[in-house]
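Coordinates from model23.cif are shown below (mmCIF, C-alpha atoms).
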data_query
#
loop_
_atom_site.label_atom_id
_atom_site.label_comp_id
_atom_site.auth_asym_id
_atom_site.auth_seq_id
_atom_site.Cartn_x
_atom_site.Cartn_y
_atom_site.Cartn_z
CA MET A 20 -22.85 6.71 -16.51
CA GLU A 21 -19.20 7.87 -16.27
CA ALA A 22 -20.29 11.38 -15.36
CA SER A 23 -22.57 9.99 -12.66
CA ARG A 24 -19.79 7.88 -11.12
CA LYS A 25 -17.36 10.79 -11.15
CA GLU A 26 -19.93 13.01 -9.48
CA GLN A 27 -20.63 10.35 -6.85
CA LEU A 28 -16.91 9.98 -6.01
CA MET A 29 -16.36 13.73 -5.83
CA SER A 30 -19.44 14.19 -3.67
CA ALA A 31 -18.43 11.39 -1.28
CA ALA A 32 -14.91 12.78 -0.78
CA ARG A 33 -15.98 16.39 -0.38
CA LYS A 34 -18.82 15.46 1.96
CA THR A 35 -16.74 13.37 4.38
CA LEU A 36 -13.05 14.32 4.08
CA ARG A 37 -13.13 18.09 4.32
CA ILE A 38 -11.03 19.53 7.17
CA LYS A 39 -12.82 22.46 8.88
CA ASN A 40 -12.82 25.48 6.56
CA ARG A 41 -10.16 24.18 4.20
CA LYS A 42 -10.91 23.73 0.54
CA GLY A 43 -12.10 20.23 -0.37
CA LEU A 44 -10.17 17.79 -2.53
CA SER A 45 -9.81 18.68 -6.20
CA ALA A 46 -11.70 16.64 -8.78
CA PRO A 47 -8.54 14.75 -9.93
CA CYS A 48 -7.73 13.88 -6.28
CA CYS A 49 -11.26 12.66 -5.66
CA LEU A 50 -11.10 10.35 -8.70
CA SER A 51 -7.58 9.15 -7.86
CA LEU A 52 -8.66 8.34 -4.30
CA GLY A 53 -11.66 6.46 -5.68
CA ALA A 54 -9.36 4.45 -7.94
CA GLU A 55 -7.16 3.61 -4.95
CA ILE A 56 -10.19 2.24 -3.11
CA LEU A 57 -11.21 0.18 -6.13
CA ALA A 58 -7.69 -1.26 -6.52
CA VAL A 59 -7.77 -2.44 -2.91
CA ASP A 60 -11.33 -3.71 -3.25
CA ALA A 61 -10.40 -5.65 -6.41
CA GLY A 62 -7.45 -7.32 -4.65
CA LEU A 63 -4.80 -5.71 -6.87
CA LYS A 64 -3.05 -4.34 -3.78
CA PRO A 65 -3.47 -5.27 -0.13
CA ALA A 66 -3.75 -1.71 1.13
CA PHE A 67 -2.96 1.90 0.49
CA LEU A 68 -1.65 4.66 2.71
CA PHE A 69 -4.06 7.59 2.84
CA ASP A 70 -2.16 10.82 2.16
CA TYR A 71 -4.72 12.98 0.38
CA SER A 72 -5.55 15.14 3.40
CA ARG A 73 -5.31 15.16 7.18
CA ALA A 74 -8.62 13.34 7.54
CA GLY A 75 -8.62 10.70 10.27
CA ALA A 76 -9.93 7.18 10.57
CA GLU A 77 -13.47 8.24 11.50
CA GLN A 78 -13.78 10.46 8.42
CA LEU A 79 -12.38 7.71 6.20
CA GLN A 80 -14.91 5.31 7.67
CA ASP A 81 -17.68 7.73 6.64
CA TYR A 82 -16.09 8.12 3.20
CA ILE A 83 -15.96 4.38 2.48
CA GLN A 84 -19.55 3.99 3.62
CA GLU A 85 -20.51 6.68 1.09
CA ILE A 86 -18.58 4.81 -1.63
CA GLN A 87 -20.42 1.61 -0.72
CA LYS A 88 -23.71 3.34 -1.50
CA THR A 89 -22.55 3.85 -5.11
CA GLY A 90 -22.18 0.09 -5.66
CA LEU A 91 -18.57 0.51 -6.80
CA ILE A 92 -17.00 -1.66 -4.10
CA TYR A 93 -17.89 -5.13 -2.82
CA GLN A 94 -15.33 -6.14 -0.17
CA ARG A 95 -15.51 -5.31 3.51
CA LEU A 96 -12.60 -2.92 3.91
CA HIS A 97 -10.75 -2.17 7.13
CA ILE A 98 -9.15 1.05 8.34
CA LEU A 99 -5.90 0.57 10.25
CA SER A 100 -4.31 3.45 12.17
CA LEU A 101 -0.56 3.21 12.76
CA GLY A 102 0.43 6.19 14.86
CA ASP A 103 -0.48 9.28 12.84
CA ASN A 104 -0.88 7.25 9.64
CA VAL A 105 -4.03 5.65 8.27
CA LEU A 106 -4.23 2.75 5.83
CA ILE A 107 -7.24 1.23 4.10
CA LEU A 108 -6.94 -2.56 3.85
CA ASN A 109 -8.54 -5.39 1.98
CA LEU A 110 -8.34 -7.55 5.08
CA SER A 111 -8.25 -11.00 3.46
CA LYS A 112 -5.80 -9.87 0.77
CA THR A 113 -3.48 -8.30 3.35
CA ILE A 114 -3.48 -11.43 5.50
CA ARG A 115 -2.64 -13.65 2.53
CA HIS A 116 0.10 -11.28 1.42
CA LEU A 117 1.75 -11.11 4.84
CA GLU A 118 1.56 -14.88 5.25
CA LYS A 119 3.24 -15.36 1.90
CA SER A 120 5.91 -12.75 2.72
CA LEU A 121 6.83 -14.59 5.91
CA GLN A 122 7.17 -18.02 4.31
CA GLY A 123 10.65 -19.49 4.43
CA ASN A 124 13.71 -18.25 6.26
CA TRP A 125 14.42 -15.21 4.09
CA VAL A 126 12.53 -11.96 3.68
CA PRO A 127 13.42 -9.48 0.89
CA LEU A 128 14.67 -6.65 3.06
CA ILE A 129 17.11 -3.93 1.95
CA ASP A 130 19.31 -2.27 4.58
CA VAL A 131 19.84 1.39 3.64
CA SER A 132 21.16 2.60 7.01
CA ALA A 133 23.32 5.70 6.61
CA CYS A 134 26.25 3.96 8.27
CA ARG A 135 26.26 1.32 5.50
CA GLY A 136 27.41 3.72 2.85
CA VAL A 137 25.75 1.62 0.16
CA PRO A 138 22.54 -0.46 0.16
CA THR A 139 22.87 -4.12 1.07
CA LEU A 140 20.63 -7.06 1.85
CA ALA A 141 19.67 -7.03 5.52
CA ASP A 142 21.46 -9.45 7.80
CA THR A 143 19.76 -12.29 9.66
CA SER A 144 19.28 -10.42 12.94
CA VAL A 145 17.43 -7.60 11.19
CA ILE A 146 15.28 -10.04 9.24
CA GLU A 147 14.28 -11.91 12.39
CA GLN A 148 13.45 -8.65 14.13
CA VAL A 149 11.23 -7.48 11.27
CA LYS A 150 9.57 -10.90 10.92
CA THR A 151 8.57 -10.75 14.58
CA GLN A 152 7.01 -7.33 14.06
CA ILE A 153 5.13 -8.41 10.94
CA GLU A 154 3.91 -11.56 12.68
CA PHE A 155 2.49 -9.36 15.44
CA ILE A 156 0.61 -7.23 12.90
CA LEU A 157 -0.57 -10.36 11.09
CA ALA A 158 -1.95 -11.80 14.34
CA HIS A 159 -3.86 -8.57 14.92
CA LEU A 160 -5.37 -8.66 11.43
CA LYS A 161 -6.29 -12.34 11.76
CA SER A 162 -8.13 -11.60 15.01
CA LEU A 163 -10.16 -9.01 13.11
CA ALA A 164 -10.93 -11.54 10.38
CA VAL A 165 -12.24 -13.96 13.00
CA ASP A 166 -14.47 -11.25 14.44
CA ARG A 167 -15.85 -10.23 11.07
CA GLY A 168 -18.52 -12.91 11.30
CA THR A 169 -20.23 -10.87 14.00
CA CYS A 170 -20.26 -7.75 11.80
CA ASP A 171 -22.53 -6.73 8.97
CA SER A 172 -20.96 -7.62 5.62
CA LYS A 173 -21.04 -3.97 4.63
CA SER A 174 -19.61 -2.57 7.85
CA VAL A 175 -16.35 -0.63 7.71
CA THR A 176 -14.24 -1.68 10.68
CA THR A 177 -11.39 0.23 12.29
CA SER A 178 -8.50 -0.60 14.60
CA GLU A 179 -5.23 0.91 15.69
CA MET A 180 -1.85 -0.35 16.74
CA PHE A 181 1.64 1.09 17.06
CA SER A 182 5.06 0.43 18.55
CA SER A 183 7.94 2.87 18.82
CA GLU A 184 10.21 -0.05 17.90
CA TRP A 185 8.73 -0.33 14.41
CA ASN A 186 10.39 1.19 11.39
CA LEU A 187 7.23 2.40 9.67
CA CYS A 188 8.98 2.60 6.31
CA THR A 189 9.53 -1.16 6.54
CA VAL A 190 6.04 -1.90 7.87
CA PHE A 191 4.47 0.12 5.06
CA GLY A 192 6.54 -1.77 2.50
CA PHE A 193 4.94 -5.01 3.66
CA LEU A 194 1.40 -3.70 4.07
CA LEU A 195 1.39 -1.91 0.71
CA GLY A 196 2.41 -5.07 -1.09
CA PHE A 197 5.89 -4.22 -2.39
CA PRO A 198 8.11 -7.15 -3.42
CA ALA A 199 10.93 -5.82 -1.20
CA SER A 200 11.05 -3.36 1.69
CA TYR A 201 13.60 -0.83 2.89
CA TRP A 202 14.97 -0.87 6.44
CA PHE A 203 17.33 1.46 8.28
CA ASP A 204 18.49 1.68 11.86
CA PHE A 205 16.52 4.73 13.00
CA ALA A 206 18.01 4.39 16.49
CA GLU A 207 21.22 5.66 14.89
CA SER A 208 19.84 8.01 12.24
CA PHE A 209 16.79 8.64 10.08
CA GLU A 210 19.09 9.33 7.14
CA ASN A 211 19.73 6.68 4.47
CA CYS A 212 22.50 5.83 2.02
CA LEU A 213 20.48 6.18 -1.19
CA SER A 214 21.84 9.58 -2.23
CA MET A 215 23.05 9.39 -5.87
CA ILE A 216 22.67 5.61 -5.83
CA GLU A 217 21.23 4.12 -9.03
CA LEU A 218 17.71 2.95 -8.33
CA ARG A 219 15.61 0.75 -10.57
CA VAL A 220 12.16 2.31 -10.23
CA PHE A 221 9.06 0.28 -11.08
CA SER A 222 5.75 1.98 -11.83
CA VAL A 223 2.49 0.10 -12.31
CA SER A 224 -0.52 1.79 -13.85
CA ALA A 225 -3.83 0.80 -15.40
CA VAL A 226 -7.02 2.39 -16.66
CA CYS A 227 -9.74 2.44 -14.02
CA SER A 228 -12.47 1.63 -16.52
CA ARG A 229 -15.20 1.33 -13.88
CA ILE A 230 -14.83 5.06 -13.19
CA SER A 231 -13.73 6.32 -16.62
CA LYS A 232 -12.04 4.94 -19.72
CA ASP A 233 -9.75 8.00 -19.54
CA LEU A 234 -8.68 7.59 -15.91
CA LYS A 235 -5.18 6.08 -15.89
CA HIS A 236 -4.22 5.34 -12.31
CA ARG A 237 -0.78 4.55 -10.87
CA MET A 238 -1.27 1.67 -8.44
CA TYR A 239 2.35 1.03 -7.44
CA SER A 240 5.67 2.81 -7.43
CA PHE A 241 8.71 1.29 -5.73
CA SER A 242 12.45 1.04 -6.22
CA VAL A 243 15.29 -1.43 -5.83
CA PRO A 244 18.96 -0.36 -5.72
CA GLU A 245 20.56 -1.38 -9.00
CA THR A 246 23.66 -2.80 -7.25
CA ILE A 247 21.59 -5.55 -5.59
CA TYR A 248 18.82 -5.92 -8.16
CA LEU A 249 20.08 -9.31 -9.33
CA ASP A 250 19.73 -10.61 -5.75
CA LEU A 251 16.09 -9.51 -5.72
CA GLN A 252 15.16 -10.10 -9.36
CA HIS A 253 13.39 -13.38 -8.63
CA CYS A 254 11.21 -11.68 -5.98
CA VAL A 255 10.33 -8.86 -8.36
CA GLU A 256 9.54 -11.19 -11.25
CA THR A 257 7.36 -13.40 -9.03
CA TRP A 258 5.57 -10.30 -7.78
CA LYS A 259 4.90 -9.17 -11.36
CA LYS A 260 3.50 -12.59 -12.31
CA ASP A 261 1.21 -12.59 -9.27
CA LEU A 262 0.01 -9.09 -10.13
CA GLN A 263 -0.73 -10.12 -13.71
CA PHE A 264 -2.62 -13.19 -12.46
CA ASN A 265 -4.77 -11.09 -10.12
CA PHE A 266 -5.28 -8.49 -12.82
CA ASN A 267 -6.66 -11.09 -15.20
CA LYS A 268 -9.26 -12.14 -12.62
CA GLN A 269 -10.92 -8.73 -12.33
CA SER A 270 -12.71 -6.27 -14.61
CA VAL A 271 -12.39 -3.01 -12.67
CA PHE A 272 -9.10 -2.03 -14.34
CA SER A 273 -7.77 -2.55 -17.86
CA GLU A 274 -4.58 -1.97 -19.83
CA LEU A 275 -2.04 -2.94 -17.18
CA SER A 276 1.35 -1.29 -17.70
CA ILE A 277 4.58 -1.99 -15.79
CA SER A 278 7.44 0.37 -16.61
CA THR A 279 11.01 0.59 -15.35
CA GLU A 280 13.59 3.36 -15.30
CA ILE A 281 16.98 3.94 -13.68
CA VAL A 282 17.28 7.12 -11.63
CA SER A 283 19.84 8.70 -9.28
CA LEU A 284 18.64 11.38 -6.89
CA PRO A 285 20.57 13.69 -4.53
CA ALA A 286 18.19 12.74 -1.72
CA VAL A 287 15.62 9.97 -1.29
CA ALA A 288 12.92 10.30 1.35
CA LEU A 289 11.59 7.05 2.81
#
Would you mind writing the file's structure down as structure tokens?
Amino acid sequence: MEASRKEQLMSAARKTLRIKNRKGLSAPCCLSLGAEILAVDAGLKPAFLFDYSRAGAEQLQDYIQEIQKTGLIYQRLHILSLGDNVLILNLSKTIRHLEKSLQGNWVPLIDVSACRGVPTLADTSVIEQVKTQIEFILAHLKSLAVDRGTCDSKSVTTSEMFSSEWNLCTVFGFLLGFPASYWFDFAESFENCLSMIELRVFSVSAVCSRISKDLKHRMYSFSVPETIYLDLQHCVETWKKDLQFNFNKQSVFSELSISTEIVSLPAVAL
């Protein structure tokens, strides 16, 4: 059975995601991509950013439809294009996550603008600006959820939206389900102040037992500057508890592992 599932995932990816005459995805990439889809389908993460090839939304739509034929996924997934980037969303999970993120008057947002010198919690004006942007995205996703009743339950829907005013690093932080997001003033510079700053890096992995008992997949990787970790510790701990709760409700993945390490890097790309 494992061999059959692996072959189905590799076939689906190579059939739909190949770019012209370029070599198709390697077997490990095909299985990792399949695990990403299953993590979104199982509600363990709201979405993931597709970065396995230069395939576009239409090819990803074909790919997911091929995966549906294997019986490995059950949710109606949505493909969202943001500029040149493509994300695959569990629509209901993403809506709930964004709604929860916007509750209250404070959003866990880390300002790493180069002019700051050191990371700090974002000020109120930045938070309000980002909340407005996320509310706009949330309204778009909710309109799709309303329309889903007119679609076949197995259809793979697509949409696109973009604004030059959005800091995509911040938007991705919300959509990908991180407990805190980075922000920087890209009108001033695309550089950040994280060089040689101690970062507490969190990595979340689990065995994707539905594909293979040997396939350990990293679902999340994010960081928080150590200097302000205490300010965000409650958010991170709540996030971990929610993840564990959702993990216990599913059977697609097993052996959840959350690890932490402190790193300092000469340059950090966001």
### Task
I would like the residues chosen by the PyMOL selection byres ((chain A and resi 153) around 10) on the shown file; could you give them as a ChimeraX atom specification?
/A:117-118,120-121,147-152,154-159,185,189-190,193-194
## Note on the structure
Of A:Cys254, A:Met180, A:Leu249, A:Leu52, the one nearest to Trp125 (chain A) when counting all atoms listed in the file is A:Cys254
### Summary
Leu50 (chain A) proximity check over A:Leu234, A:Cys212, A:Glu184, A:Leu218, using all atoms listed in the file: winner is A:Leu234
### Task
To one decimal in Å, tell me the separation between CA of Pro198 (chain A) and CA of Ile86 (chain A).
29.3 Å
### Query
Once the PyMOL selection byres ((chain A and resi 55) around 12) has been applied to the shown file, what residues remain in the selection, as a PyMOL selection string?
chain A and resi 28+48-54+56-71+83+86+91-92+106-109+195+224-227+230+234-239+271-272
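Of the residues under consideration (A:His116, A:Lys161, A:Arg95, A:Arg73), A:Arg73 shows the shortest atom-to-atom contact distance to Arg41 (chain A) when counting all atoms listed in the file.
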### Task
Choose the residue, out of A:Val165, A:Ala46, A:Val175, A:Val145, that has the smallest atom-to-atom separation from Leu79 (chain A); count only C-alpha atoms.
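Result for the nearest residue to Leu79 (chain A): A:Val175.
The protein and nucleic acid residues lying at most 12 Å from Lys42 (chain A) are Ala32, Arg33, Lys34, Leu36 and Ser72 of chain A, with all atoms listed in the file considered and sequence neighbours fewer than 6 positions away removed.
For the choices A:Ser273, A:Gln252, A:Gln80, A:Ser111, the atom-to-atom distance to Arg219 (chain A) is smallest for A:Gln252 when using only C-alpha atoms.
Using all atoms listed in the file, the smallest distance between any of A:Cys134, A:Pro47, A:Glu245, A:Phe181 and Lys25 (chain A) comes from A:Pro47.
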### Query
In Å to one decimal, how far is CA of His253 (chain A) from CA of Gly123 (chain A)?
14.7 Å
### Task
Can you pull out every residue within 9 Å of Asp142 (chain A), counting only C-alpha atoms, but drop anything in the same chain fewer than 4 positions away, and send it as a list of chain:residue names?
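The residues satisfying every condition are A:Leu128, A:Asp130, A:Ile146, A:Glu147.
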### Query
What does the distance between CA of Val126 (chain A) and CA of Cys188 (chain A) come to in Å, to one decimal place?
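If I compute the distance from CA of Val126 (chain A) to CA of Cys188 (chain A), I get 15.2 Å.
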